[in-house]
Amino acid sequence: MPQEPRTPRRPGEDPALAAFPARAPDTRRWCFADQLGPHFLDAPDQPVLLVESKAVFARRRFHRQKAHLVLSALRHRAAELGEQAQLHRVQGYAEALDRVREPVSVCAPTTWSSRDHVLRRPGLTVLAARGFVATQEEFAAWAGGRGRGRLLMEDFYRHNRRRHDVLMDGAEPVGGRWNLDHDNREPPPRDGRIGVPEPWWPEEDDIDAQVRADLDRWAADGEVAFVGDDGPRLFPATRAEALHRLRDFLDTRLGAFGPHEDAMLAGERWMAHSLLSPALNLGLLDPVEVVQAAEQRYRDSVAEGDPLPLNSVEGFIRQVMGWRDYIWHTYWHLGRDFRHGNALAAHEAVPDWLADLDDGAVDAACMSDVLGDLRRDGWVHHIPRLMVLGNYALQRGIDPLAMTDWFHRSFVDGYDWVMVANVVGMSQHADGGRVATRPYASGGAYIDRMSDYCRGCRYDPRKRLGEDACPFTAGYWAFLERNRERLAPNLRMRRALQGLDRLKGLEEVVEQERLRGTGPI
C-alpha cells in the first residue's frame, strides 16, 4: 500500500513542510512538468505519469515561448519514455489521477498550491522534494541553528559548500577567499563585445511543430492568450539538449563568465551566461551534477597548467548552489504569507506597456532594449531583471505581488518559487529587509557604468530635472523621498537619505516624477 506522508515534525507545523519519505520505487511516479529529469525517478525503468493540462495556460497570460518550452519538454519526455510513461491530456490533475489503477507517488511539488493539492489526494504517496543541492531538512537544520539571526544567503552558501565539499581545500575555500563576487563587477568593454562564441542552440523537431500548431489553435479559439513573440525554441526541452548546453558553456563561456557577470550590452544580450536556468527549473538537469561538472572542469584546467579564472567558476557555482538553492528554501521557510509583504506600501498597477512587453512605447534605451529582448526571447539575465525592470517597479511603487505574477508569467524560467523571494524580497524590498539588507534602487549612474545603453539615449543619466532628465535618476530621488520614514531605521540607507537634504530642487523632482507616474519612460 502507498505510504501516507509523515506527520509534521512539530505540533501545528504546516503539513506542506512535513518530513516526507525519500523513495517509493514500487509505484508509478507522477512527474510534474518541472520534474522531467532521471533524478526524479527511483529506478530507470520506473513507470511514469505525465499530465498535460490546458487549464494551466488558460488561467494566466504566459509568455508564448514559456508555454511552448513547457509543453515541448513534457511531450519530449513522454516520447523518450515510450510505453514506460502514460501522458494524459486533461483539464485538471484529478482527472488524470482518476484514470490510474496502480499506486502513484510524486516528489513534493515546487509550489504551495501544488503541494496542497497532492497532500489532499487520498492514497498518493508524497516524497521529499528533489532538484536542489540541499534538502529541505538540511536547510531547516541550518536555519534552526541560526537562532534569531538573519538567514543570509552568503552564510548558507558557505555552509552548502562545506557540506558538499565544493571548491574546498580542506577546511578552507580554494583560493583562500569565499566571496569572489566583487571581482565580477567590471563595466562592459567599451567596444561592446566580450569576445565569446554564440551559445549553442537546439533544433526544433516534429514535436515542436505540433506544440506550435496546438498553441496557435488554442489562441485562435480564444481558449488561451499569450504575451511575447513566438519564435524558434532557444532553450533545451530534453535532457540531451540540456547536457549539450552545459558542455557548450563549460567549453566556450565559463572562463569569460565572471568579470562581466553584472554587465549589460545592447549587442550582447547573452553575454557569457550559461542560459541553463530554464533547463534546471524544468528538472532536466540536477544542480548537483552542474556544480560538480563546473568544479571538475576547473580542477582539470589547474592540473593542465592553464587554470580557468576562479572568479568565473566560483561565480557560476554561487548562482547554482548559492542563490538558486537559497531562493528555493526561503520560499518555504518564510511561509505562505511572505508573498503578501508590502513594507513600502506600493500599490500602483503594472502599466499596460510593461504588461504587454511593448518596447516600442518606451524611449529609455535600457528599458526599451530589455523589454525587446524579453518580448522576443522570454529571458534576460539577472541584472536587467534587478536593475532595470525591478528598479523601475521599485521606484514607481508598483504592487510587489502584481510584479511577482508578471515576472512569473513573462520569463521562460519563471516559477512561483523562483519569483516570490526574488521579487518580494530581493527586488522590491517588500519584506522590509528579510532577504536583502537594503532596497536595490539606483539612479541612472549605475546603468551608465554597467552598460552601454546611455550613450545614445534621449535621457541623460546625470540629470534629474527637465525633458532629458533620466527617469531612473529622478525616480531614485523621488523613491527615497516617498519612503524616507520607512527606510530611516536601515543603517545602510543612512547616507542616501542624508543626501536628500542636500539635493537641490527636490520638491521639483518629486512633482516631476509624480506627473510621470507609471507612463512609458
# chains A, B, ... in the order shown; residues from 1 in each chain; ligands from 1
>>> select_by_dssp(residues="region 1-215 of chain A", states="strand (DSSP E or B)", output="PDB file with all heavy atoms, in the first residue's frame")
ATOM      1  N   ARG A  28       3.928   4.048  -9.614  1.00  0.00           N
ATOM      2  CA  ARG A  28       4.064   4.865 -10.829  1.00  0.00           C
ATOM      3  C   ARG A  28       4.373   6.292 -10.383  1.00  0.00           C
ATOM      4  O   ARG A  28       3.658   6.858  -9.546  1.00  0.00           O
ATOM      5  CB  ARG A  28       2.778   4.828 -11.663  1.00  0.00           C
ATOM      6  CG  ARG A  28       2.871   5.650 -12.954  1.00  0.00           C
ATOM      7  CD  ARG A  28       1.659   5.460 -13.844  1.00  0.00           C
ATOM      8  NE  ARG A  28       1.621   4.134 -14.436  1.00  0.00           N
ATOM      9  CZ  ARG A  28       2.244   3.769 -15.557  1.00  0.00           C
ATOM     10  NH1 ARG A  28       2.997   4.661 -16.217  1.00  0.00           N
ATOM     11  NH2 ARG A  28       2.141   2.530 -16.010  1.00  0.00           N
ATOM     12  N   ARG A  29       5.433   6.871 -10.916  1.00  0.00           N
ATOM     13  CA  ARG A  29       5.868   8.204 -10.475  1.00  0.00           C
ATOM     14  C   ARG A  29       5.213   9.292 -11.316  1.00  0.00           C
ATOM     15  O   ARG A  29       5.411   9.384 -12.516  1.00  0.00           O
ATOM     16  CB  ARG A  29       7.398   8.301 -10.582  1.00  0.00           C
ATOM     17  CG  ARG A  29       8.014   9.655 -10.158  1.00  0.00           C
ATOM     18  CD  ARG A  29       7.764  10.023  -8.704  1.00  0.00           C
ATOM     19  NE  ARG A  29       7.942   8.901  -7.804  1.00  0.00           N
ATOM     20  CZ  ARG A  29       9.127   8.490  -7.345  1.00  0.00           C
ATOM     21  NH1 ARG A  29      10.236   9.080  -7.732  1.00  0.00           N
ATOM     22  NH2 ARG A  29       9.192   7.466  -6.506  1.00  0.00           N
ATOM     23  N   TRP A  30       4.395  10.092 -10.671  1.00  0.00           N
ATOM     24  CA  TRP A  30       3.826  11.276 -11.308  1.00  0.00           C
ATOM     25  C   TRP A  30       4.903  12.355 -11.318  1.00  0.00           C
ATOM     26  O   TRP A  30       5.354  12.785 -10.257  1.00  0.00           O
ATOM     27  CB  TRP A  30       2.587  11.709 -10.554  1.00  0.00           C
ATOM     28  CG  TRP A  30       1.967  13.003 -11.030  1.00  0.00           C
ATOM     29  CD1 TRP A  30       2.170  13.626 -12.223  1.00  0.00           C
ATOM     30  CD2 TRP A  30       1.038  13.807 -10.303  1.00  0.00           C
ATOM     31  NE1 TRP A  30       1.425  14.778 -12.296  1.00  0.00           N
ATOM     32  CE2 TRP A  30       0.724  14.910 -11.134  1.00  0.00           C
ATOM     33  CE3 TRP A  30       0.448  13.715  -9.046  1.00  0.00           C
ATOM     34  CZ2 TRP A  30      -0.152  15.905 -10.724  1.00  0.00           C
ATOM     35  CZ3 TRP A  30      -0.437  14.698  -8.639  1.00  0.00           C
ATOM     36  CH2 TRP A  30      -0.732  15.786  -9.477  1.00  0.00           C
ATOM     37  N   VAL A  48       5.924   5.935 -15.281  1.00  0.00           N
ATOM     38  CA  VAL A  48       5.801   7.389 -15.110  1.00  0.00           C
ATOM     39  C   VAL A  48       4.411   7.839 -15.537  1.00  0.00           C
ATOM     40  O   VAL A  48       3.835   7.299 -16.496  1.00  0.00           O
ATOM     41  CB  VAL A  48       6.883   8.121 -15.935  1.00  0.00           C
ATOM     42  CG1 VAL A  48       6.655   9.629 -15.937  1.00  0.00           C
ATOM     43  CG2 VAL A  48       8.276   7.801 -15.391  1.00  0.00           C
ATOM     44  N   LEU A  49       3.892   8.817 -14.823  1.00  0.00           N
ATOM     45  CA  LEU A  49       2.658   9.507 -15.185  1.00  0.00           C
ATOM     46  C   LEU A  49       3.001  10.958 -15.502  1.00  0.00           C
ATOM     47  O   LEU A  49       3.619  11.644 -14.685  1.00  0.00           O
ATOM     48  CB  LEU A  49       1.646   9.445 -14.041  1.00  0.00           C
ATOM     49  CG  LEU A  49       0.390  10.326 -14.193  1.00  0.00           C
ATOM     50  CD1 LEU A  49      -0.463   9.850 -15.359  1.00  0.00           C
ATOM     51  CD2 LEU A  49      -0.411  10.345 -12.891  1.00  0.00           C
ATOM     52  N   LEU A  50       2.612  11.419 -16.685  1.00  0.00           N
ATOM     53  CA  LEU A  50       2.777  12.810 -17.088  1.00  0.00           C
ATOM     54  C   LEU A  50       1.403  13.394 -17.391  1.00  0.00           C
ATOM     55  O   LEU A  50       0.561  12.721 -17.996  1.00  0.00           O
ATOM     56  CB  LEU A  50       3.673  12.920 -18.321  1.00  0.00           C
ATOM     57  CG  LEU A  50       5.103  12.389 -18.165  1.00  0.00           C
ATOM     58  CD1 LEU A  50       5.799  12.335 -19.514  1.00  0.00           C
ATOM     59  CD2 LEU A  50       5.900  13.244 -17.181  1.00  0.00           C
ATOM     60  N   VAL A  51       1.173  14.629 -16.975  1.00  0.00           N
ATOM     61  CA  VAL A  51      -0.143  15.257 -17.140  1.00  0.00           C
ATOM     62  C   VAL A  51       0.023  16.584 -17.861  1.00  0.00           C
ATOM     63  O   VAL A  51       0.776  17.451 -17.407  1.00  0.00           O
ATOM     64  CB  VAL A  51      -0.831  15.481 -15.781  1.00  0.00           C
ATOM     65  CG1 VAL A  51      -2.214  16.091 -15.992  1.00  0.00           C
ATOM     66  CG2 VAL A  51      -0.928  14.169 -15.005  1.00  0.00           C
ATOM     67  N   GLU A  52      -0.679  16.730 -18.971  1.00  0.00           N
ATOM     68  CA  GLU A  52      -0.699  17.992 -19.704  1.00  0.00           C
ATOM     69  C   GLU A  52      -2.071  18.629 -19.511  1.00  0.00           C
ATOM     70  O   GLU A  52      -3.090  18.065 -19.920  1.00  0.00           O
ATOM     71  CB  GLU A  52      -0.433  17.749 -21.188  1.00  0.00           C
ATOM     72  CG  GLU A  52      -0.458  19.007 -22.027  1.00  0.00           C
ATOM     73  CD  GLU A  52      -0.268  18.717 -23.501  1.00  0.00           C
ATOM     74  OE1 GLU A  52       0.709  18.014 -23.856  1.00  0.00           O
ATOM     75  OE2 GLU A  52      -1.107  19.198 -24.315  1.00  0.00           O
ATOM     76  N   SER A  53      -2.077  19.795 -18.891  1.00  0.00           N
ATOM     77  CA  SER A  53      -3.338  20.464 -18.564  1.00  0.00           C
ATOM     78  C   SER A  53      -3.416  21.807 -19.271  1.00  0.00           C
ATOM     79  O   SER A  53      -2.657  22.729 -18.966  1.00  0.00           O
ATOM     80  CB  SER A  53      -3.470  20.662 -17.053  1.00  0.00           C
ATOM     81  OG  SER A  53      -4.581  21.469 -16.736  1.00  0.00           O
ATOM     82  N   HIS A  63       4.056  34.073 -21.278  1.00  0.00           N
ATOM     83  CA  HIS A  63       4.851  34.323 -22.471  1.00  0.00           C
ATOM     84  C   HIS A  63       4.685  33.140 -23.422  1.00  0.00           C
ATOM     85  O   HIS A  63       4.697  31.984 -23.010  1.00  0.00           O
ATOM     86  CB  HIS A  63       6.330  34.485 -22.099  1.00  0.00           C
ATOM     87  CG  HIS A  63       7.151  35.152 -23.163  1.00  0.00           C
ATOM     88  ND1 HIS A  63       7.415  34.565 -24.389  1.00  0.00           N
ATOM     89  CD2 HIS A  63       7.776  36.359 -23.192  1.00  0.00           C
ATOM     90  CE1 HIS A  63       8.168  35.382 -25.121  1.00  0.00           C
ATOM     91  NE2 HIS A  63       8.396  36.474 -24.416  1.00  0.00           N
ATOM     92  N   ALA A  85       5.737   5.432 -19.969  1.00  0.00           N
ATOM     93  CA  ALA A  85       5.004   6.597 -19.468  1.00  0.00           C
ATOM     94  C   ALA A  85       3.571   6.617 -19.979  1.00  0.00           C
ATOM     95  O   ALA A  85       3.283   6.179 -21.099  1.00  0.00           O
ATOM     96  CB  ALA A  85       5.707   7.878 -19.878  1.00  0.00           C
ATOM     97  N   GLN A  86       2.695   7.133 -19.142  1.00  0.00           N
ATOM     98  CA  GLN A  86       1.346   7.500 -19.554  1.00  0.00           C
ATOM     99  C   GLN A  86       1.289   9.029 -19.611  1.00  0.00           C
ATOM    100  O   GLN A  86       1.619   9.703 -18.626  1.00  0.00           O
ATOM    101  CB  GLN A  86       0.313   7.011 -18.554  1.00  0.00           C
ATOM    102  CG  GLN A  86       0.183   5.511 -18.428  1.00  0.00           C
ATOM    103  CD  GLN A  86      -0.879   5.130 -17.390  1.00  0.00           C
ATOM    104  OE1 GLN A  86      -1.641   5.972 -16.912  1.00  0.00           O
ATOM    105  NE2 GLN A  86      -0.922   3.846 -17.052  1.00  0.00           N
ATOM    106  N   LEU A  87       0.891   9.584 -20.751  1.00  0.00           N
ATOM    107  CA  LEU A  87       0.690  11.023 -20.894  1.00  0.00           C
ATOM    108  C   LEU A  87      -0.800  11.270 -21.040  1.00  0.00           C
ATOM    109  O   LEU A  87      -1.426  10.789 -21.993  1.00  0.00           O
ATOM    110  CB  LEU A  87       1.435  11.568 -22.111  1.00  0.00           C
ATOM    111  CG  LEU A  87       1.161  13.040 -22.457  1.00  0.00           C
ATOM    112  CD1 LEU A  87       1.587  13.958 -21.315  1.00  0.00           C
ATOM    113  CD2 LEU A  87       1.858  13.441 -23.754  1.00  0.00           C
ATOM    114  N   HIS A  88      -1.373  11.996 -20.084  1.00  0.00           N
ATOM    115  CA  HIS A  88      -2.796  12.302 -20.108  1.00  0.00           C
ATOM    116  C   HIS A  88      -2.979  13.792 -20.401  1.00  0.00           C
ATOM    117  O   HIS A  88      -2.428  14.644 -19.693  1.00  0.00           O
ATOM    118  CB  HIS A  88      -3.447  11.954 -18.768  1.00  0.00           C
ATOM    119  CG  HIS A  88      -3.451  10.485 -18.469  1.00  0.00           C
ATOM    120  ND1 HIS A  88      -4.401   9.623 -18.972  1.00  0.00           N
ATOM    121  CD2 HIS A  88      -2.618   9.718 -17.720  1.00  0.00           C
ATOM    122  CE1 HIS A  88      -4.165   8.395 -18.550  1.00  0.00           C
ATOM    123  NE2 HIS A  88      -3.074   8.428 -17.791  1.00  0.00           N
ATOM    124  N   ARG A  89      -3.773  14.091 -21.429  1.00  0.00           N
ATOM    125  CA  ARG A  89      -4.108  15.475 -21.764  1.00  0.00           C
ATOM    126  C   ARG A  89      -5.501  15.739 -21.235  1.00  0.00           C
ATOM    127  O   ARG A  89      -6.497  15.230 -21.764  1.00  0.00           O
ATOM    128  CB  ARG A  89      -4.024  15.688 -23.273  1.00  0.00           C
ATOM    129  CG  ARG A  89      -2.593  15.550 -23.798  1.00  0.00           C
ATOM    130  CD  ARG A  89      -2.504  15.914 -25.273  1.00  0.00           C
ATOM    131  NE  ARG A  89      -1.111  15.983 -25.673  1.00  0.00           N
ATOM    132  CZ  ARG A  89      -0.570  15.233 -26.629  1.00  0.00           C
ATOM    133  NH1 ARG A  89      -1.314  14.344 -27.272  1.00  0.00           N
ATOM    134  NH2 ARG A  89       0.698  15.355 -26.941  1.00  0.00           N
ATOM    135  N   VAL A  90      -5.572  16.523 -20.161  1.00  0.00           N
ATOM    136  CA  VAL A  90      -6.820  16.700 -19.416  1.00  0.00           C
ATOM    137  C   VAL A  90      -6.951  18.156 -18.998  1.00  0.00           C
ATOM    138  O   VAL A  90      -6.029  18.967 -19.166  1.00  0.00           O
ATOM    139  CB  VAL A  90      -6.827  15.786 -18.167  1.00  0.00           C
ATOM    140  CG1 VAL A  90      -6.885  14.322 -18.566  1.00  0.00           C
ATOM    141  CG2 VAL A  90      -5.596  16.048 -17.300  1.00  0.00           C
ATOM    142  N   VAL A 104       0.456   5.402  -6.915  1.00  0.00           N
ATOM    143  CA  VAL A 104       1.142   6.547  -7.529  1.00  0.00           C
ATOM    144  C   VAL A 104       1.902   7.295  -6.452  1.00  0.00           C
ATOM    145  O   VAL A 104       1.409   7.486  -5.329  1.00  0.00           O
ATOM    146  CB  VAL A 104       0.142   7.492  -8.226  1.00  0.00           C
ATOM    147  CG1 VAL A 104       0.861   8.724  -8.787  1.00  0.00           C
ATOM    148  CG2 VAL A 104      -0.602   6.762  -9.335  1.00  0.00           C
ATOM    149  N   SER A 105       3.103   7.737  -6.803  1.00  0.00           N
ATOM    150  CA  SER A 105       3.896   8.581  -5.917  1.00  0.00           C
ATOM    151  C   SER A 105       4.296   9.836  -6.672  1.00  0.00           C
ATOM    152  O   SER A 105       4.282   9.873  -7.913  1.00  0.00           O
ATOM    153  CB  SER A 105       5.146   7.836  -5.431  1.00  0.00           C
ATOM    154  OG  SER A 105       5.980   7.489  -6.530  1.00  0.00           O
ATOM    155  N   VAL A 106       4.678  10.866  -5.921  1.00  0.00           N
ATOM    156  CA  VAL A 106       5.105  12.121  -6.537  1.00  0.00           C
ATOM    157  C   VAL A 106       6.131  12.784  -5.628  1.00  0.00           C
ATOM    158  O   VAL A 106       5.995  12.760  -4.404  1.00  0.00           O
ATOM    159  CB  VAL A 106       3.895  13.061  -6.775  1.00  0.00           C
ATOM    160  CG1 VAL A 106       3.218  13.453  -5.454  1.00  0.00           C
ATOM    161  CG2 VAL A 106       4.300  14.311  -7.548  1.00  0.00           C
ATOM    162  N   CYS A 107       7.179  13.313  -6.204  1.00  0.00           N
ATOM    163  CA  CYS A 107       8.107  14.132  -5.427  1.00  0.00           C
ATOM    164  C   CYS A 107       7.405  15.445  -5.085  1.00  0.00           C
ATOM    165  O   CYS A 107       6.705  16.025  -5.922  1.00  0.00           O
ATOM    166  CB  CYS A 107       9.384  14.409  -6.222  1.00  0.00           C
ATOM    167  SG  CYS A 107      10.352  12.932  -6.585  1.00  0.00           S
ATOM    168  N   THR A 125       1.292   8.852  -2.558  1.00  0.00           N
ATOM    169  CA  THR A 125       2.499   8.935  -1.739  1.00  0.00           C
ATOM    170  C   THR A 125       3.305  10.162  -2.134  1.00  0.00           C
ATOM    171  O   THR A 125       3.717  10.285  -3.298  1.00  0.00           O
ATOM    172  CB  THR A 125       3.371   7.680  -1.923  1.00  0.00           C
ATOM    173  OG1 THR A 125       2.618   6.533  -1.523  1.00  0.00           O
ATOM    174  CG2 THR A 125       4.630   7.763  -1.080  1.00  0.00           C
ATOM    175  N   VAL A 126       3.519  11.064  -1.194  1.00  0.00           N
ATOM    176  CA  VAL A 126       4.287  12.280  -1.439  1.00  0.00           C
ATOM    177  C   VAL A 126       5.687  12.082  -0.868  1.00  0.00           C
ATOM    178  O   VAL A 126       5.849  11.767   0.312  1.00  0.00           O
ATOM    179  CB  VAL A 126       3.617  13.511  -0.802  1.00  0.00           C
ATOM    180  CG1 VAL A 126       4.429  14.770  -1.098  1.00  0.00           C
ATOM    181  CG2 VAL A 126       2.182  13.665  -1.317  1.00  0.00           C
ATOM    182  N   LEU A 127       6.678  12.263  -1.721  1.00  0.00           N
ATOM    183  CA  LEU A 127       8.069  12.061  -1.343  1.00  0.00           C
ATOM    184  C   LEU A 127       8.768  13.400  -1.142  1.00  0.00           C
ATOM    185  O   LEU A 127       8.261  14.456  -1.523  1.00  0.00           O
ATOM    186  CB  LEU A 127       8.803  11.270  -2.429  1.00  0.00           C
ATOM    187  CG  LEU A 127       8.196   9.923  -2.823  1.00  0.00           C
ATOM    188  CD1 LEU A 127       8.977   9.319  -3.978  1.00  0.00           C
ATOM    189  CD2 LEU A 127       8.167   8.982  -1.631  1.00  0.00           C
ATOM    190  N   MET A 168      36.589  23.340  -2.206  1.00  0.00           N
ATOM    191  CA  MET A 168      37.209  23.402  -0.888  1.00  0.00           C
ATOM    192  C   MET A 168      38.619  22.803  -0.952  1.00  0.00           C
ATOM    193  O   MET A 168      38.879  21.868  -1.701  1.00  0.00           O
ATOM    194  CB  MET A 168      36.369  22.647   0.141  1.00  0.00           C
ATOM    195  CG  MET A 168      34.976  23.203   0.357  1.00  0.00           C
ATOM    196  SD  MET A 168      34.965  24.892   1.014  1.00  0.00           S
ATOM    197  CE  MET A 168      35.747  24.639   2.610  1.00  0.00           C
ATOM    198  N   ASP A 169      39.494  23.365  -0.165  1.00  0.00           N
ATOM    199  CA  ASP A 169      40.842  22.847   0.036  1.00  0.00           C
ATOM    200  C   ASP A 169      40.971  22.540   1.515  1.00  0.00           C
ATOM    201  O   ASP A 169      41.408  23.364   2.307  1.00  0.00           O
ATOM    202  CB  ASP A 169      41.874  23.878  -0.406  1.00  0.00           C
ATOM    203  CG  ASP A 169      43.299  23.343  -0.361  1.00  0.00           C
ATOM    204  OD1 ASP A 169      43.468  22.150  -0.059  1.00  0.00           O
ATOM    205  OD2 ASP A 169      44.234  24.132  -0.620  1.00  0.00           O
ATOM    206  N   GLU A 172      39.317  25.119   4.077  1.00  0.00           N
ATOM    207  CA  GLU A 172      39.325  26.472   3.509  1.00  0.00           C
ATOM    208  C   GLU A 172      38.863  26.449   2.062  1.00  0.00           C
ATOM    209  O   GLU A 172      39.029  25.453   1.348  1.00  0.00           O
ATOM    210  CB  GLU A 172      40.737  27.066   3.584  1.00  0.00           C
ATOM    211  CG  GLU A 172      41.259  27.232   5.001  1.00  0.00           C
ATOM    212  CD  GLU A 172      40.397  28.163   5.829  1.00  0.00           C
ATOM    213  OE1 GLU A 172      39.983  29.220   5.275  1.00  0.00           O
ATOM    214  OE2 GLU A 172      40.124  27.849   6.995  1.00  0.00           O
ATOM    215  N   PRO A 173      38.289  27.567   1.602  1.00  0.00           N
ATOM    216  CA  PRO A 173      37.879  27.634   0.199  1.00  0.00           C
ATOM    217  C   PRO A 173      39.092  27.662  -0.722  1.00  0.00           C
ATOM    218  O   PRO A 173      40.142  28.225  -0.372  1.00  0.00           O
ATOM    219  CB  PRO A 173      37.093  28.948   0.127  1.00  0.00           C
ATOM    220  CG  PRO A 173      37.660  29.789   1.229  1.00  0.00           C
ATOM    221  CD  PRO A 173      38.001  28.822   2.327  1.00  0.00           C
TER     222      PRO A 173
END
>>> select_by_dssp(residues="region 373-436 of chain A", states="helix (DSSP H, G or I)", output="ChimeraX atom specification")
/A:373-377,382-396,400-410,416-427
>>> atom_distance(atom1="CA of Val290 (chain A)", atom2="CA of Leu74 (chain A)")
21.4 Å
>>> atom_distance(atom1="CA of Thr238 (chain A)", atom2="CA of Lys54 (chain A)")
20.8 Å
>>> residues_around(residues="Leu334 (chain A)", least_positions_apart="5", cutoff="10 Å", atoms="only C-alpha atoms", output="list in words")
His329, Arg339, Ala421, Arg434 and Val435 of chain A
>>> closest_residue(among="A:His333, A:Met367, A:Val509, A:Asp251", to="Ala141 (chain A)", atoms="only C-alpha atoms")
A:His333
>>> residues_around(residues="Trp332 (chain A)", least_positions_apart="3", cutoff="9 Å", atoms="only C-alpha atoms", output="list in words")
Ala16, Leu17, Thr111, Trp112, Gln136, Trp328, His329, Gly335, Arg336 and Trp417 of chain A
>>> residues_around(residues="Gln35 (chain A)", least_positions_apart="3", cutoff="12 Å", atoms="only C-alpha atoms", output="number ranges by chain")
A: 29-32, 38-41, 48-51, 70, 73-74, 77, 106-110, 129-132, 238-239, 279-286
>>> residues_around(residues="Val211 (chain A)", least_positions_apart="2", cutoff="7 Å", atoms="only C-alpha atoms", output="compact mmCIF listing (two decimals) with N, CA, C and O atoms, in the first residue's frame")
# COMPACT_ATOMS: atom_id res chain seq x y z
N HIS A 68 5.43 27.28 -24.90
CA HIS A 68 5.99 26.34 -25.87
C HIS A 68 7.04 25.46 -25.21
O HIS A 68 7.05 24.23 -25.40
N LEU A 71 5.43 22.79 -22.76
CA LEU A 71 4.74 21.72 -23.48
C LEU A 71 5.73 20.85 -24.28
O LEU A 71 5.60 19.62 -24.32
N SER A 72 6.69 21.48 -24.89
CA SER A 72 7.69 20.73 -25.65
C SER A 72 8.47 19.79 -24.75
O SER A 72 8.68 18.62 -25.09
N ILE A 207 7.90 17.39 -32.76
CA ILE A 207 7.15 17.67 -31.52
C ILE A 207 6.96 19.17 -31.35
O ILE A 207 5.86 19.64 -31.01
N ASP A 208 8.00 19.94 -31.63
CA ASP A 208 7.87 21.39 -31.55
C ASP A 208 6.86 21.92 -32.56
O ASP A 208 6.09 22.85 -32.26
N ALA A 209 6.85 21.34 -33.74
CA ALA A 209 5.89 21.77 -34.75
C ALA A 209 4.46 21.53 -34.28
O ALA A 209 3.57 22.38 -34.49
N ALA A 213 1.53 24.31 -33.43
CA ALA A 213 0.19 24.23 -34.04
C ALA A 213 -0.90 24.23 -32.97
O ALA A 213 -1.93 24.89 -33.13
N ASP A 214 -0.67 23.51 -31.88
CA ASP A 214 -1.66 23.46 -30.81
C ASP A 214 -1.83 24.83 -30.15
O ASP A 214 -2.95 25.28 -29.90
N LEU A 215 -0.72 25.50 -29.87
CA LEU A 215 -0.80 26.81 -29.24
C LEU A 215 -1.47 27.82 -30.16
O LEU A 215 -2.27 28.66 -29.70
>>> closest_residue(among="A:Gly360, A:Gly443, A:Gly466, A:Gly456", to="Phe479 (chain A)", atoms="only C-alpha atoms")
A:Gly443
>>> closest_residue(among="A:Gly305, A:Trp406, A:Phe156, A:Gly390", to="Ala143 (chain A)", atoms="only C-alpha atoms")
A:Phe156
>>> residues_around(residues="Met271 (chain A)", least_positions_apart="2", cutoff="10 Å", atoms="only C-alpha atoms", output="PyMOL selection string")
chain A and resi 188+193-199+253+256-257+260-269+273-275+381
>>> write_last_selection(atoms="C-alpha atoms", output="JSON list (two decimals), in the first residue's frame")
[["chain", "number", "residue", "atom", "x", "y", "z"],
["A", 188, "PRO", "CA", 31.42, 46.18, -20.02],
["A", 193, "ARG", "CA", 31.89, 42.92, -27.26],
["A", 194, "ILE", "CA", 33.11, 40.36, -24.74],
["A", 195, "GLY", "CA", 34.60, 38.01, -27.30],
["A", 196, "VAL", "CA", 32.83, 34.71, -26.66],
["A", 197, "PRO", "CA", 31.07, 32.49, -29.22],
["A", 198, "GLU", "CA", 27.30, 32.41, -29.62],
["A", 199, "PRO", "CA", 25.68, 29.84, -27.33],
["A", 253, "ARG", "CA", 31.92, 30.55, -21.94],
["A", 256, "ALA", "CA", 34.64, 34.55, -19.51],
["A", 257, "PHE", "CA", 31.62, 34.45, -17.23],
["A", 260, "HIS", "CA", 31.23, 40.89, -16.77],
["A", 261, "GLU", "CA", 28.62, 38.84, -14.91],
["A", 262, "ASP", "CA", 26.81, 42.03, -13.89],
["A", 263, "ALA", "CA", 27.28, 43.97, -17.14],
["A", 264, "MET", "CA", 24.71, 44.73, -19.84],
["A", 265, "LEU", "CA", 25.38, 45.28, -23.55],
["A", 266, "ALA", "CA", 22.81, 46.08, -26.22],
["A", 267, "GLY", "CA", 24.59, 43.92, -28.79],
["A", 268, "GLU", "CA", 25.48, 41.05, -26.44],
["A", 269, "ARG", "CA", 22.25, 40.07, -24.75],
["A", 273, "HIS", "CA", 25.83, 33.50, -19.17],
["A", 274, "SER", "CA", 25.10, 29.78, -19.12],
["A", 275, "LEU", "CA", 21.40, 30.00, -20.17],
["A", 381, "HIS", "CA", 19.88, 37.83, -17.32]]
>>> closest_residue(among="A:Ala488, A:Leu394, A:Cys454, A:Ala78", to="Ser427 (chain A)", atoms="only C-alpha atoms")
A:Leu394
>>> atom_distance(atom1="CA of Leu254 (chain A)", atom2="CA of Ala436 (chain A)")
27.3 Å
>>> closest_residue(among="A:Trp270, A:Ala365, A:Leu69, A:Tyr446", to="Tyr459 (chain A)", atoms="only C-alpha atoms")
A:Ala365
